[in-house]
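**Student:** Contents of start15.txt (compact mmCIF, C-alpha atoms) are given next:
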# COMPACT_ATOMS: atom_id res chain seq x y z
CA MET A 1 -57.62 -73.81 -54.57
CA HIS A 2 -60.62 -74.64 -56.77
CA ALA A 3 -63.61 -72.32 -56.53
CA PRO A 4 -66.50 -73.84 -54.57
CA VAL A 5 -68.94 -75.99 -56.49
CA SER A 6 -72.56 -76.78 -55.75
CA LYS A 7 -74.45 -79.96 -56.35
CA VAL A 8 -77.80 -79.56 -58.17
CA LEU A 9 -80.45 -82.19 -58.66
CA VAL A 10 -81.50 -82.29 -62.32
CA LEU A 11 -85.11 -83.32 -62.79
CA ASP A 12 -85.34 -82.85 -66.53
CA ASN A 13 -85.92 -85.59 -69.08
CA SER A 14 -85.38 -83.55 -72.24
CA ALA A 15 -82.80 -85.35 -74.39
CA GLU A 16 -82.32 -82.11 -76.29
CA HIS A 17 -81.80 -79.95 -73.22
CA LEU A 18 -79.73 -82.26 -70.98
CA PRO A 19 -76.41 -81.71 -72.84
CA GLN A 20 -77.03 -77.98 -72.54
CA ILE A 21 -77.56 -78.30 -68.80
CA LYS A 22 -74.42 -80.40 -68.49
CA SER A 23 -72.40 -77.79 -70.34
CA PHE A 24 -73.93 -74.96 -68.29
CA CYS A 25 -73.07 -76.78 -65.07
CA GLU A 26 -69.47 -77.31 -66.15
CA GLN A 27 -69.12 -73.62 -66.89
CA HIS A 28 -70.73 -72.46 -63.66
CA ASN A 29 -69.21 -74.68 -60.97
CA LEU A 30 -72.29 -76.85 -60.66
CA VAL A 31 -72.25 -80.61 -60.25
CA PRO A 32 -75.38 -82.03 -61.91
CA LEU A 33 -76.98 -85.05 -60.26
CA LYS A 34 -79.39 -86.84 -62.58
CA VAL A 35 -82.14 -88.87 -60.97
CA ARG A 36 -84.40 -91.47 -62.51
CA ARG A 37 -88.07 -90.70 -62.38
CA GLY A 38 -89.72 -91.86 -59.19
CA ALA A 39 -86.49 -91.80 -57.19
CA GLU A 40 -86.58 -88.06 -56.41
CA MET A 41 -87.64 -88.35 -52.81
CA SER A 42 -85.23 -91.13 -51.92
CA VAL A 43 -82.36 -89.11 -53.44
CA LEU A 44 -83.48 -86.08 -51.46
CA ARG A 45 -83.46 -88.18 -48.31
CA THR A 46 -79.90 -89.39 -48.86
CA ASN A 47 -78.19 -86.27 -50.24
CA ILE A 48 -77.33 -83.77 -47.58
CA ASP A 49 -75.21 -81.39 -49.60
CA LEU A 50 -77.44 -80.08 -52.36
CA GLY A 51 -77.49 -76.49 -53.55
CA GLY A 52 -80.69 -76.51 -55.58
CA ILE A 53 -82.91 -78.28 -58.10
CA LEU A 54 -83.21 -77.75 -61.87
CA TYR A 55 -86.73 -78.81 -62.71
CA ALA A 56 -88.51 -79.06 -66.07
CA GLU A 57 -92.13 -78.02 -66.46
CA ASP A 58 -92.77 -81.22 -68.44
CA TYR A 59 -91.08 -83.48 -65.89
CA GLY A 60 -94.36 -85.06 -64.84
CA ALA A 61 -96.59 -86.99 -67.25
CA THR A 62 -99.13 -84.17 -66.92
CA PRO A 63 -98.92 -80.53 -65.75
CA GLU A 64 -100.78 -81.60 -62.62
CA GLN A 65 -98.23 -84.31 -61.88
CA THR A 66 -95.36 -81.86 -62.48
CA ALA A 67 -96.98 -79.47 -60.02
CA SER A 68 -97.59 -82.25 -57.52
CA ILE A 69 -93.96 -83.47 -57.61
CA ALA A 70 -92.68 -79.90 -57.20
CA ALA A 71 -94.98 -79.38 -54.22
CA GLU A 72 -93.85 -82.65 -52.65
CA ILE A 73 -90.17 -81.71 -53.04
CA HIS A 74 -90.76 -78.22 -51.71
CA ALA A 75 -92.64 -79.57 -48.71
CA ALA A 76 -89.84 -82.03 -47.95
CA ARG A 77 -86.93 -79.62 -48.51
CA PRO A 78 -88.14 -76.00 -48.58
CA GLU A 79 -84.58 -74.71 -48.23
CA LEU A 80 -83.68 -75.96 -51.72
CA PRO A 81 -84.45 -73.49 -54.52
CA ILE A 82 -86.39 -75.15 -57.37
CA ILE A 83 -85.61 -73.48 -60.69
CA LEU A 84 -88.14 -74.26 -63.37
CA ARG A 85 -87.29 -74.68 -67.07
CA ARG A 86 -90.18 -73.58 -69.22
CA THR A 87 -90.76 -73.92 -72.93
CA GLY A 88 -92.63 -70.65 -73.35
CA ARG A 89 -91.78 -67.66 -71.17
CA ALA A 90 -89.29 -67.36 -68.30
CA THR A 91 -91.88 -66.49 -65.68
CA LEU A 92 -93.86 -68.18 -62.95
CA ALA A 93 -96.68 -65.66 -63.15
CA ASP A 94 -99.04 -67.66 -65.36
CA LEU A 95 -98.60 -70.95 -63.49
CA PRO A 96 -100.90 -72.47 -60.87
CA GLU A 97 -100.33 -71.29 -57.29
CA THR A 98 -98.91 -74.69 -56.22
CA VAL A 99 -96.08 -74.31 -58.72
CA ARG A 100 -95.52 -70.63 -57.93
CA ARG A 101 -95.18 -71.48 -54.24
CA SER A 102 -92.82 -74.38 -54.87
CA CYS A 103 -90.47 -72.82 -57.44
CA CYS A 104 -88.29 -69.77 -56.88
CA ALA A 105 -87.67 -68.75 -60.51
CA ALA A 106 -88.08 -69.79 -64.13
CA TYR A 107 -85.84 -69.83 -67.20
CA VAL A 108 -86.02 -70.90 -70.84
CA ALA A 109 -83.44 -72.97 -72.69
CA SER A 110 -82.89 -70.21 -75.24
CA ASP A 111 -81.79 -67.73 -72.53
CA LEU A 112 -79.44 -69.24 -70.00
CA GLY A 113 -78.53 -65.77 -68.78
CA ALA A 114 -81.64 -65.90 -66.61
CA LEU A 115 -80.53 -69.23 -65.16
CA ARG A 116 -77.08 -67.79 -64.49
CA ALA A 117 -78.65 -64.89 -62.58
CA VAL A 118 -80.84 -67.20 -60.51
CA ILE A 119 -77.91 -69.47 -59.66
CA GLY A 120 -75.98 -66.37 -58.61
CA GLU A 121 -78.86 -65.13 -56.49
CA TYR A 122 -79.77 -68.36 -54.74
CA ILE A 123 -76.61 -70.45 -54.62
CA PHE A 124 -73.48 -68.38 -55.14
CA CYS A 125 -74.76 -65.25 -53.41
CA LEU A 126 -71.98 -65.26 -50.82
CA LEU A 127 -68.46 -64.88 -52.16
CA TYR A 128 -65.68 -66.64 -50.29
CA PRO A 129 -62.11 -65.34 -50.56
CA ASN A 130 -59.78 -67.93 -52.04
CA ALA A 131 -57.32 -67.45 -49.18
CA LEU A 132 -60.08 -68.38 -46.76
CA LEU A 133 -60.99 -71.56 -48.64
CA ARG A 134 -57.35 -72.60 -48.87
CA GLY A 135 -56.75 -71.81 -45.21
CA ILE A 136 -59.75 -73.78 -43.94
CA ALA A 137 -58.68 -76.75 -46.05
CA GLU A 138 -55.09 -76.61 -44.76
CA ILE A 139 -56.01 -76.14 -41.11
CA THR A 140 -58.66 -78.87 -41.11
CA ALA A 141 -56.59 -81.41 -43.00
CA SER A 142 -53.63 -80.79 -40.70
CA VAL A 143 -55.76 -81.26 -37.56
CA LEU A 144 -57.36 -84.43 -38.93
CA ARG A 145 -53.96 -85.88 -39.79
CA SER A 146 -52.66 -85.17 -36.29
CA GLN A 147 -55.74 -86.51 -34.48
CA CYS A 148 -56.73 -89.43 -36.71
CA ARG A 149 -53.48 -91.27 -37.28
CA PRO A 150 -52.88 -93.45 -39.25
CA LEU A 151 -55.66 -92.50 -41.64
CA VAL A 152 -55.02 -90.86 -45.00
CA VAL A 153 -56.88 -87.55 -45.31
CA SER A 154 -58.28 -86.20 -48.58
CA MET A 155 -60.76 -83.45 -49.36
CA ASP A 156 -63.39 -82.83 -52.03
CA THR A 157 -63.73 -79.44 -53.70
CA PRO A 158 -65.62 -77.13 -51.30
CA HIS A 159 -69.38 -77.06 -51.82
CA ILE A 160 -71.97 -74.35 -51.49
CA VAL A 161 -75.02 -76.00 -49.97
CA ARG A 162 -78.47 -74.92 -48.95
CA ASP A 163 -79.32 -78.22 -47.33
CA ARG A 164 -80.09 -78.17 -43.64
CA VAL A 165 -80.13 -81.92 -43.20
CA ILE A 166 -77.50 -83.16 -40.78
CA PHE A 167 -75.07 -85.87 -41.87
CA GLY A 168 -74.52 -88.76 -39.44
CA GLU A 169 -75.46 -88.96 -35.78
CA LEU A 170 -72.88 -86.64 -34.34
CA PHE A 171 -72.15 -82.96 -34.83
CA SER A 172 -70.28 -80.20 -33.05
CA LEU A 173 -70.85 -76.45 -33.17
CA ILE A 174 -68.50 -73.62 -32.24
CA PRO A 175 -69.01 -69.87 -32.81
CA LEU A 176 -66.77 -67.90 -35.17
CA GLU A 177 -66.53 -64.22 -34.22
CA SER A 178 -64.55 -61.52 -35.98
CA ALA A 179 -64.96 -58.08 -37.52
CA TRP A 180 -65.67 -59.63 -40.94
CA CYS A 181 -67.69 -62.71 -40.06
CA ARG A 182 -69.97 -64.03 -37.37
CA GLY A 183 -71.50 -67.47 -37.38
CA TYR A 184 -70.63 -71.06 -36.63
CA MET A 185 -68.42 -73.91 -37.65
CA MET A 186 -70.24 -77.23 -37.58
CA LEU A 187 -68.57 -80.64 -37.93
CA GLN A 188 -70.79 -83.60 -38.81
CA THR A 189 -69.88 -87.26 -38.86
CA GLU A 190 -71.04 -90.82 -38.23
CA GLU A 191 -70.38 -92.50 -34.91
CA GLY A 192 -69.70 -96.06 -36.13
CA PRO A 193 -66.65 -95.37 -38.30
CA PHE A 194 -65.23 -93.11 -35.60
CA LEU A 195 -65.62 -95.83 -32.97
CA ARG A 196 -63.71 -98.23 -35.19
CA LEU A 197 -60.99 -95.61 -35.69
CA LEU A 198 -60.62 -95.15 -31.94
CA ALA A 199 -60.53 -98.90 -31.38
CA ARG A 200 -57.63 -99.12 -33.86
CA GLN A 201 -55.83 -96.20 -32.23
CA HIS A 202 -56.09 -97.88 -28.83
CA SER A 203 -55.37 -101.32 -30.33
CA ALA A 204 -58.33 -102.75 -28.38
CA ALA A 205 -62.01 -101.90 -28.40
CA THR A 206 -62.49 -102.45 -24.66
CA GLY A 207 -63.81 -99.43 -22.88
CA ILE A 208 -64.17 -97.36 -26.06
CA GLY A 209 -67.65 -95.86 -26.28
CA PHE A 210 -69.57 -92.93 -27.66
CA ARG A 211 -68.15 -90.54 -25.09
CA ASN A 212 -64.67 -91.18 -26.47
CA VAL A 213 -65.99 -90.31 -29.92
CA ASN A 214 -67.56 -87.15 -28.52
CA ASP A 215 -64.26 -86.19 -26.91
CA LEU A 216 -62.29 -86.73 -30.11
CA LEU A 217 -64.71 -84.71 -32.22
CA SER A 218 -64.65 -82.00 -29.56
CA GLU A 219 -60.87 -81.81 -29.67
CA ILE A 220 -60.82 -81.80 -33.48
CA THR A 221 -63.35 -78.94 -33.40
CA ASN A 222 -61.29 -77.07 -30.84
CA LEU A 223 -58.07 -77.41 -32.84
CA ILE A 224 -59.67 -76.31 -36.13
CA TRP A 225 -61.34 -73.40 -34.35
CA GLY A 226 -58.03 -72.40 -32.81
CA GLY A 227 -56.27 -72.54 -36.18
CA PHE A 228 -59.04 -70.50 -37.80
CA LYS A 229 -59.00 -67.95 -35.00
CA ASN A 230 -55.23 -67.51 -35.00
CA ARG A 231 -55.14 -67.12 -38.77
CA TYR A 232 -58.22 -65.04 -39.49
CA MET A 233 -59.48 -63.43 -36.30
CA SER A 234 -57.47 -60.68 -34.70
CA ASP A 235 -58.36 -59.18 -31.33
CA ASP A 236 -60.39 -56.57 -33.14
CA GLY A 237 -63.11 -55.88 -30.61
CA THR A 238 -66.43 -57.21 -31.88
CA ARG A 239 -68.06 -56.99 -28.48
CA ALA A 240 -70.97 -54.76 -29.48
CA ALA A 241 -71.87 -56.96 -32.42
CA LYS A 242 -71.60 -60.07 -30.25
CA GLN A 243 -74.77 -59.07 -28.44
CA VAL A 244 -76.77 -60.00 -31.55
CA GLN A 245 -77.82 -63.64 -31.62
CA VAL A 246 -80.59 -65.70 -33.20
CA PRO A 247 -81.97 -69.03 -32.01
CA LEU A 248 -80.71 -72.18 -33.68
CA ILE A 249 -83.28 -74.89 -34.26
CA VAL A 250 -82.39 -78.59 -34.20
CA ASN A 251 -85.05 -81.17 -35.06
CA HIS A 252 -83.68 -84.60 -34.19
CA LEU A 253 -86.52 -86.52 -35.82
CA HIS A 254 -85.80 -84.94 -39.19
CA LYS A 255 -82.03 -84.58 -38.63
CA TYR A 256 -82.45 -80.90 -39.42
CA ILE A 257 -80.70 -77.77 -38.23
CA SER A 258 -81.57 -74.17 -39.00
CA PHE A 259 -79.41 -71.14 -38.27
CA GLY A 260 -82.27 -68.74 -38.82
CA THR A 261 -81.14 -67.58 -42.25
CA GLU A 262 -81.78 -68.53 -45.84
CA ASN A 263 -78.10 -68.05 -46.69
CA PRO A 264 -76.28 -70.99 -48.27
CA GLN A 265 -73.43 -72.58 -46.33
CA LEU A 266 -69.80 -73.28 -47.16
CA CYS A 267 -69.20 -77.02 -46.88
CA PHE A 268 -66.01 -79.10 -46.94
CA ARG A 269 -66.11 -82.87 -47.11
CA PHE A 270 -63.07 -84.66 -45.70
CA ASN A 271 -62.50 -88.33 -46.39
CA LEU A 272 -60.38 -90.31 -43.96
CA PHE A 273 -59.21 -93.65 -45.26
CA ASP A 274 -57.34 -96.49 -43.59
CA PRO A 275 -55.05 -98.07 -46.19
CA VAL A 276 -54.56 -101.14 -43.98
CA ASP A 277 -58.12 -102.31 -43.43
CA GLY A 278 -60.05 -100.14 -45.89
CA GLY A 279 -62.04 -98.40 -43.15
CA ALA A 280 -63.27 -94.89 -43.87
CA VAL A 281 -64.59 -91.91 -41.94
CA THR A 282 -66.37 -88.96 -43.54
CA ILE A 283 -66.42 -85.55 -41.88
CA TYR A 284 -68.35 -82.56 -43.17
CA ALA A 285 -67.13 -79.16 -42.02
CA ARG A 286 -69.73 -76.47 -42.59
CA PHE A 287 -69.14 -72.76 -42.16
CA VAL A 288 -72.33 -70.85 -41.56
CA PHE A 289 -71.94 -67.07 -41.43
CA ASN A 290 -75.51 -66.41 -40.35
CA LEU A 291 -74.98 -63.34 -38.20
CA SER A 292 -72.58 -61.28 -40.29
CA TRP A 293 -70.62 -61.67 -43.50
CA THR A 294 -68.47 -58.88 -44.97
CA PRO A 295 -65.80 -60.63 -47.02
CA GLU A 296 -64.50 -57.29 -48.33
CA GLU A 297 -63.05 -56.80 -44.83
CA PHE A 298 -61.54 -60.29 -44.76
CA ARG A 299 -57.86 -60.39 -43.92
CA GLU A 300 -55.35 -62.82 -42.53
CA VAL A 301 -53.91 -61.93 -39.14
CA ARG A 302 -50.37 -60.65 -39.59
CA GLN A 303 -48.07 -62.24 -37.05
CA ASP A 304 -44.71 -60.84 -36.14
CA THR A 305 -42.63 -63.43 -38.00
CA ALA A 306 -39.75 -62.97 -35.55
CA GLY A 307 -42.09 -64.06 -32.78
CA LEU A 308 -43.55 -67.08 -34.53
CA VAL A 309 -43.21 -70.38 -32.74
CA ASP A 310 -44.07 -73.75 -34.25
CA SER A 311 -47.15 -75.43 -32.86
CA GLY A 312 -46.19 -77.98 -30.23
CA ALA A 313 -42.98 -76.15 -29.30
CA LEU A 314 -42.53 -74.45 -25.95
CA GLU A 315 -42.11 -70.68 -26.08
CA LEU A 316 -40.52 -69.62 -22.82
CA PHE A 317 -41.20 -66.10 -21.56
CA MET B 1 -48.16 -86.43 -4.55
CA ALA B 2 -47.91 -85.38 -8.17
CA GLN B 3 -45.22 -83.31 -9.82
CA ILE B 4 -47.31 -82.06 -12.73
CA LEU B 5 -50.95 -81.01 -12.93
CA VAL B 6 -52.53 -81.17 -16.41
CA VAL B 7 -55.65 -79.00 -16.66
CA ASP B 8 -57.79 -79.39 -19.78
CA ASP B 9 -61.51 -79.85 -20.38
CA SER B 10 -60.76 -82.25 -23.24
CA SER B 11 -60.29 -85.80 -21.99
CA THR B 12 -58.49 -86.55 -25.26
CA VAL B 13 -55.81 -83.99 -24.39
CA ARG B 14 -55.69 -84.93 -20.69
CA ASP B 15 -55.21 -88.59 -21.57
CA GLU B 16 -52.64 -87.89 -24.29
CA VAL B 17 -50.49 -85.51 -22.21
CA SER B 18 -50.69 -87.41 -18.93
CA ALA B 19 -49.98 -90.78 -20.59
CA PHE B 20 -46.92 -89.34 -22.33
CA LEU B 21 -45.57 -87.78 -19.12
CA ARG B 22 -46.27 -90.90 -17.03
CA ASN B 23 -44.48 -93.04 -19.59
CA ALA B 24 -41.56 -90.65 -19.18
CA GLY B 25 -41.52 -91.42 -15.46
CA LEU B 26 -43.24 -88.29 -14.15
CA ASP B 27 -46.07 -88.21 -11.58
CA VAL B 28 -49.13 -86.56 -13.07
CA ALA B 29 -52.50 -85.40 -11.77
CA THR B 30 -55.30 -84.05 -13.96
CA ALA B 31 -58.11 -81.51 -13.65
CA VAL B 32 -61.07 -80.85 -15.93
CA ASP B 33 -61.27 -77.03 -15.72
CA GLY B 34 -59.86 -74.01 -13.92
CA LYS B 35 -61.95 -74.52 -10.78
CA ASP B 36 -60.94 -78.14 -10.53
CA GLY B 37 -57.33 -77.14 -11.18
CA LEU B 38 -57.30 -74.66 -8.30
CA SER B 39 -58.81 -77.25 -6.02
CA LYS B 40 -56.25 -79.93 -6.98
CA LEU B 41 -53.39 -77.47 -6.55
CA ARG B 42 -54.63 -76.46 -3.11
CA ALA B 43 -54.78 -80.10 -2.09
CA ASP B 44 -51.33 -81.14 -3.34
CA ALA B 45 -48.32 -79.11 -2.23
CA GLY B 46 -46.01 -81.33 -4.28
CA ILE B 47 -47.11 -79.97 -7.65
CA LYS B 48 -44.26 -78.09 -9.27
CA LEU B 49 -45.65 -77.54 -12.77
CA VAL B 50 -49.15 -76.78 -14.04
CA VAL B 51 -49.84 -77.38 -17.76
CA CYS B 52 -53.07 -75.62 -18.53
CA ASP B 53 -55.49 -74.98 -21.40
CA VAL B 54 -56.98 -71.48 -21.90
CA ASN B 55 -60.51 -72.09 -23.21
CA MET B 56 -62.36 -74.17 -20.62
CA PRO B 57 -65.84 -74.08 -19.07
CA ASN B 58 -66.54 -72.90 -15.50
CA MET B 59 -63.17 -71.15 -15.18
CA ASP B 60 -60.79 -70.42 -18.07
CA GLY B 61 -57.07 -71.09 -17.83
CA LEU B 62 -55.88 -67.49 -17.63
CA THR B 63 -58.27 -66.72 -14.79
CA MET B 64 -57.01 -69.85 -13.06
CA VAL B 65 -53.34 -68.81 -13.26
CA GLU B 66 -54.23 -65.30 -12.06
CA LYS B 67 -55.95 -66.85 -9.05
CA ILE B 68 -52.98 -69.16 -8.40
CA ARG B 69 -50.69 -66.13 -8.11
CA GLY B 70 -53.32 -63.96 -6.38
CA GLU B 71 -55.83 -65.85 -4.22
CA LEU B 72 -53.60 -68.85 -3.53
CA ASN B 73 -50.54 -66.59 -3.26
CA ASN B 74 -48.52 -69.40 -4.87
CA LYS B 75 -45.55 -67.66 -6.50
CA THR B 76 -43.40 -70.74 -7.01
CA VAL B 77 -45.37 -73.23 -9.10
CA ASN B 78 -44.38 -73.11 -12.77
CA LEU B 79 -47.21 -72.37 -15.18
CA ILE B 80 -47.27 -73.42 -18.84
CA MET B 81 -50.23 -72.79 -21.14
CA LEU B 82 -51.10 -75.52 -23.68
CA THR B 83 -53.72 -74.03 -25.96
CA THR B 84 -54.97 -73.35 -29.48
CA GLU B 85 -54.65 -69.62 -28.71
CA SER B 86 -51.64 -67.74 -30.05
CA SER B 87 -52.72 -64.10 -30.00
CA PRO B 88 -50.16 -61.64 -28.59
CA ASN B 89 -52.81 -60.17 -26.26
CA MET B 90 -53.49 -63.56 -24.69
CA LYS B 91 -49.79 -64.20 -24.25
CA GLU B 92 -49.28 -60.77 -22.68
CA ARG B 93 -52.07 -61.50 -20.23
CA GLY B 94 -50.44 -64.82 -19.45
CA LYS B 95 -47.04 -63.22 -18.95
CA ALA B 96 -48.52 -60.59 -16.66
CA ALA B 97 -50.11 -63.36 -14.58
CA GLY B 98 -46.76 -65.11 -14.20
CA VAL B 99 -47.02 -67.76 -16.89
CA LYS B 100 -43.59 -69.15 -17.72
CA GLY B 101 -44.23 -70.54 -21.19
CA TRP B 102 -46.72 -71.04 -24.00
CA ILE B 103 -47.37 -74.05 -26.23
CA VAL B 104 -49.71 -73.91 -29.21
CA LYS B 105 -51.59 -77.21 -29.65
CA PRO B 106 -51.31 -79.92 -30.77
CA PHE B 107 -49.12 -81.33 -28.00
CA ASN B 108 -45.71 -82.58 -29.09
CA GLY B 109 -44.33 -84.49 -26.11
CA PRO B 110 -40.74 -85.12 -27.22
CA ALA B 111 -40.30 -81.43 -28.10
CA VAL B 112 -41.07 -80.28 -24.54
CA LEU B 113 -40.10 -83.20 -22.29
CA ASP B 114 -36.70 -81.87 -21.18
CA ALA B 115 -38.16 -78.49 -20.28
CA PHE B 116 -41.04 -80.13 -18.41
CA ARG B 117 -38.60 -82.28 -16.41
CA LYS B 118 -36.64 -79.20 -15.33
CA LEU B 119 -39.74 -77.20 -14.46
CA ALA B 120 -41.23 -80.13 -12.50
CA SER B 121 -38.12 -80.89 -10.46
Rewrite the coordinates I just gave you, this time as structure tokens.
**Tutor:**
Amino acid sequence: MHAPVSKVLVLDNSAEHLPQIKSFCEQHNLVPLKVRRGAEMSVLRTNIDLGGILYAEDYGATPEQTASIAAEIHAARPELPIILRRTGRATLADLPETVRRSCCAAYVASDLGALRAVIGEYIFCLLYPNALLRGIAEITASVLRSQCRPLVVSMDTPHIVRDRVIFGELFSLIPLESAWCRGYMMLQTEEGPFLRLLARQHSAATGIGFRNVNDLLSEITNLIWGGFKNRYMSDDGTRAAKQVQVPLIVNHLHKYISFGTENPQLCFRFNLFDPVDGGAVTIYARFVFNLSWTPEEFREVRQDTAGLVDSGALELF
Amino acid sequence: MAQILVVDDSSTVRDEVSAFLRNAGLDVATAVDGKDGLSKLRADAGIKLVVCDVNMPNMDGLTMVEKIRGELNNKTVNLIMLTTESSPNMKERGKAAGVKGWIVKPFNGPAVLDAFRKLAS
């Protein structure tokens, strides 16, 4: 299983520095997304899986414009860390307050160690066991294949995201509770492609509506949750910890959800493709461990192999 | 009169399981949660087999089967759990409540049809 990557928006026009950024990104599991000047806000509106922004202090035509763009981005997407490349010193201290408020850290091209540390602090601050990444991918792909026949299921490399913008019109949430993690799994998708999938499955669109889509996403969520629980969550008594909760905030107008933490989220993108008619469905599965995360205690549940029964088979008592 | 009662809060599962069993010639009723399941079972003495999910709103499946054996004092209806749960503790609780069998989702009709026919006859 590949280590998780994170997509970063690169707002830097330095011909000299861009190859260095590209090379840095390749070495540090970052996917750079270059944007033409003036298109920053539209890209921010359409990308829902960003991890951060690499921003140059000479990005604007003037220092004031650079500060103004940074402030606009920060106002629109405060959850995204803006990391400023400076030509002098790797500090924000001597910059105007607008820039200091908008950016989280600074680095210089001659010392990428500082950038590495910032990326580690803001994006890759939670470590995910490889067995967990592989397991989530296997469980989810298997459920999608069983529930979304005859579509072909593929998956992108897992992403670390800080974005809180919701993809599509439809999402499900289910709590994940164990001794080593507490949080939520969230599935996000678009209704239209799912409706078309259901119409194909039922070989007629009559009577298929949004409630059918809701039901299917609910069952997919339930099956993935069950697989996750059986594989990673033993009956280990987390009752005391379960009393701790924080409010979740959903803002429909801005398609925004907050879990009450600044922590980045683990995100899987699944692509479902119909080889017959070319139709496609995209599903994002996000794992948000906002209440507790102690990966050093992570373990797979050991089942008595003699007692294992295949899913779908009847185990008689 | 139905032979089999399928209890699941997911309409996707209810539709899938009941359509498969009906196509196999069995009479099927459905319920949306444990409370509804108890009510349907009370109202239909012909039900021989209950296929039931565990995680449901209002009343979960294990509570429902405990009430079938306890409150309803129905010791004869066959109880099968169809669920994403596979923990030994859950199964032990099911066994203690008189559950006859356990199926981990997803549902695989052909794999269980013969057993369902016997249990529903």
**Student:** Give me the residues of chain A that have any atom at most 12 Å from an atom of chain B; for each, the nearest atom pair and the distance in Å, rounded to one decimal. Use only C-alpha atoms, sort by chain and number, and format it as a Markdown table.
**Tutor:**
| residue | atom | partner | partner_atom | distance |
| --- | --- | --- | --- | --- |
| A:Ile139 | CA | B:Pro106 | CA | 12.0 |
| A:Ser142 | CA | B:Pro106 | CA | 10.2 |
| A:Val143 | CA | B:Pro106 | CA | 8.2 |
| A:Leu144 | CA | B:Pro106 | CA | 11.1 |
| A:Arg145 | CA | B:Pro106 | CA | 11.1 |
| A:Ser146 | CA | B:Pro106 | CA | 7.7 |
| A:Gln147 | CA | B:Pro106 | CA | 8.8 |
| A:Cys148 | CA | B:Thr12 | CA | 11.9 |
| A:Leu198 | CA | B:Thr12 | CA | 11.1 |
| A:Gln201 | CA | B:Glu16 | CA | 11.9 |
| A:His202 | CA | B:Glu16 | CA | 11.5 |
| A:Arg211 | CA | B:Ser11 | CA | 9.7 |
| A:Asn212 | CA | B:Thr12 | CA | 7.8 |
| A:Val213 | CA | B:Thr12 | CA | 9.6 |
| A:Asn214 | CA | B:Thr12 | CA | 9.7 |
| A:Asp215 | CA | B:Thr12 | CA | 6.0 |
| A:Leu216 | CA | B:Thr12 | CA | 6.2 |
| A:Leu217 | CA | B:Thr12 | CA | 9.5 |
| A:Ser218 | CA | B:Ser10 | CA | 7.4 |
| A:Glu219 | CA | B:Ser10 | CA | 6.4 |
| A:Ile220 | CA | B:Thr12 | CA | 9.8 |
| A:Thr221 | CA | B:Thr84 | CA | 10.8 |
| A:Asn222 | CA | B:Thr84 | CA | 7.5 |
| A:Leu223 | CA | B:Thr84 | CA | 6.1 |
| A:Ile224 | CA | B:Thr84 | CA | 8.7 |
| A:Trp225 | CA | B:Thr84 | CA | 8.0 |
| A:Gly226 | CA | B:Thr84 | CA | 4.6 |
| A:Gly227 | CA | B:Thr84 | CA | 6.9 |
| A:Phe228 | CA | B:Thr84 | CA | 9.7 |
| A:Lys229 | CA | B:Glu85 | CA | 7.8 |
| A:Asn230 | CA | B:Ser86 | CA | 6.1 |
| A:Arg231 | CA | B:Ser86 | CA | 9.4 |
| A:Tyr232 | CA | B:Ser87 | CA | 11.0 |
| A:Met233 | CA | B:Ser87 | CA | 9.3 |
| A:Ser234 | CA | B:Ser87 | CA | 7.5 |
| A:Asp235 | CA | B:Asn89 | CA | 7.6 |
| A:Asp236 | CA | B:Asn89 | CA | 10.9 |
| A:Gly237 | CA | B:Asn89 | CA | 12.0 |
| A:Val301 | CA | B:Ser87 | CA | 9.5 |
| A:Arg302 | CA | B:Ser87 | CA | 10.5 |
| A:Gln303 | CA | B:Ser87 | CA | 8.6 |
| A:Asp304 | CA | B:Pro88 | CA | 9.3 |
| A:Gly307 | CA | B:Pro88 | CA | 9.4 |
| A:Leu308 | CA | B:Ser86 | CA | 9.3 |
| A:Val309 | CA | B:Val104 | CA | 8.2 |
| A:Asp310 | CA | B:Val104 | CA | 7.6 |
| A:Ser311 | CA | B:Val104 | CA | 4.7 |
| A:Gly312 | CA | B:Asn108 | CA | 4.8 |
| A:Ala313 | CA | B:Ile103 | CA | 5.8 |
| A:Leu314 | CA | B:Ile103 | CA | 4.9 |
| A:Glu315 | CA | B:Trp102 | CA | 5.1 |
| A:Leu316 | CA | B:Gly101 | CA | 4.2 |
| A:Phe317 | CA | B:Gly101 | CA | 5.4 |
**Student:** Compare A:Arg77, A:Lys7, A:Arg200, A:Arg134 by their minimum atom-to-atom distance to Pro150 of chain A, counting all atoms listed in the file, and give me the closest one.
**Tutor:**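 Answer, going by the shortest atom-to-atom distance: A:Arg200.
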**Student:** Can you tell me which residues surround Arg101 of chain A at a distance of at most 10 Å, considering only C-alpha atoms, apart from same-chain residues fewer than 6 positions away, and format the answer as an MDAnalysis selection string?
**Tutor:** chainID A and resid 70:71 74 92 95
**Student:** Deliver the residues from the most recent selection as a file, using C-alpha atoms, as a compact mmCIF listing (two decimals), in the coordinates of the input.
**Tutor:**
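Listing of again-v7.txt after writing:
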# COMPACT_ATOMS: atom_id res chain seq x y z
CA ALA A 70 -92.68 -79.90 -57.20
CA ALA A 71 -94.98 -79.38 -54.22
CA HIS A 74 -90.76 -78.22 -51.71
CA LEU A 92 -93.86 -68.18 -62.95
CA LEU A 95 -98.60 -70.95 -63.49
**Student:** With a distance cut-off of 12 Å and all atoms listed in the file, select the neighbouring residues of Ala93 of chain A, excluding the residue or stretch itself and same-chain residues fewer than 6 positions from it, and output the selection as JSON, numbers by chain.
**Tutor:** {"A": [86, 99, 100, 101, 103, 104, 105, 106]}
**Student:** What does the distance from atom CA of Ala179 of chain A to atom CA of Glu138 of chain A come to in Å, to one decimal?
**Tutor:**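 Straight-line distance from atom CA of Ala179 of chain A to atom CA of Glu138 of chain A works out to 22.2 Å.
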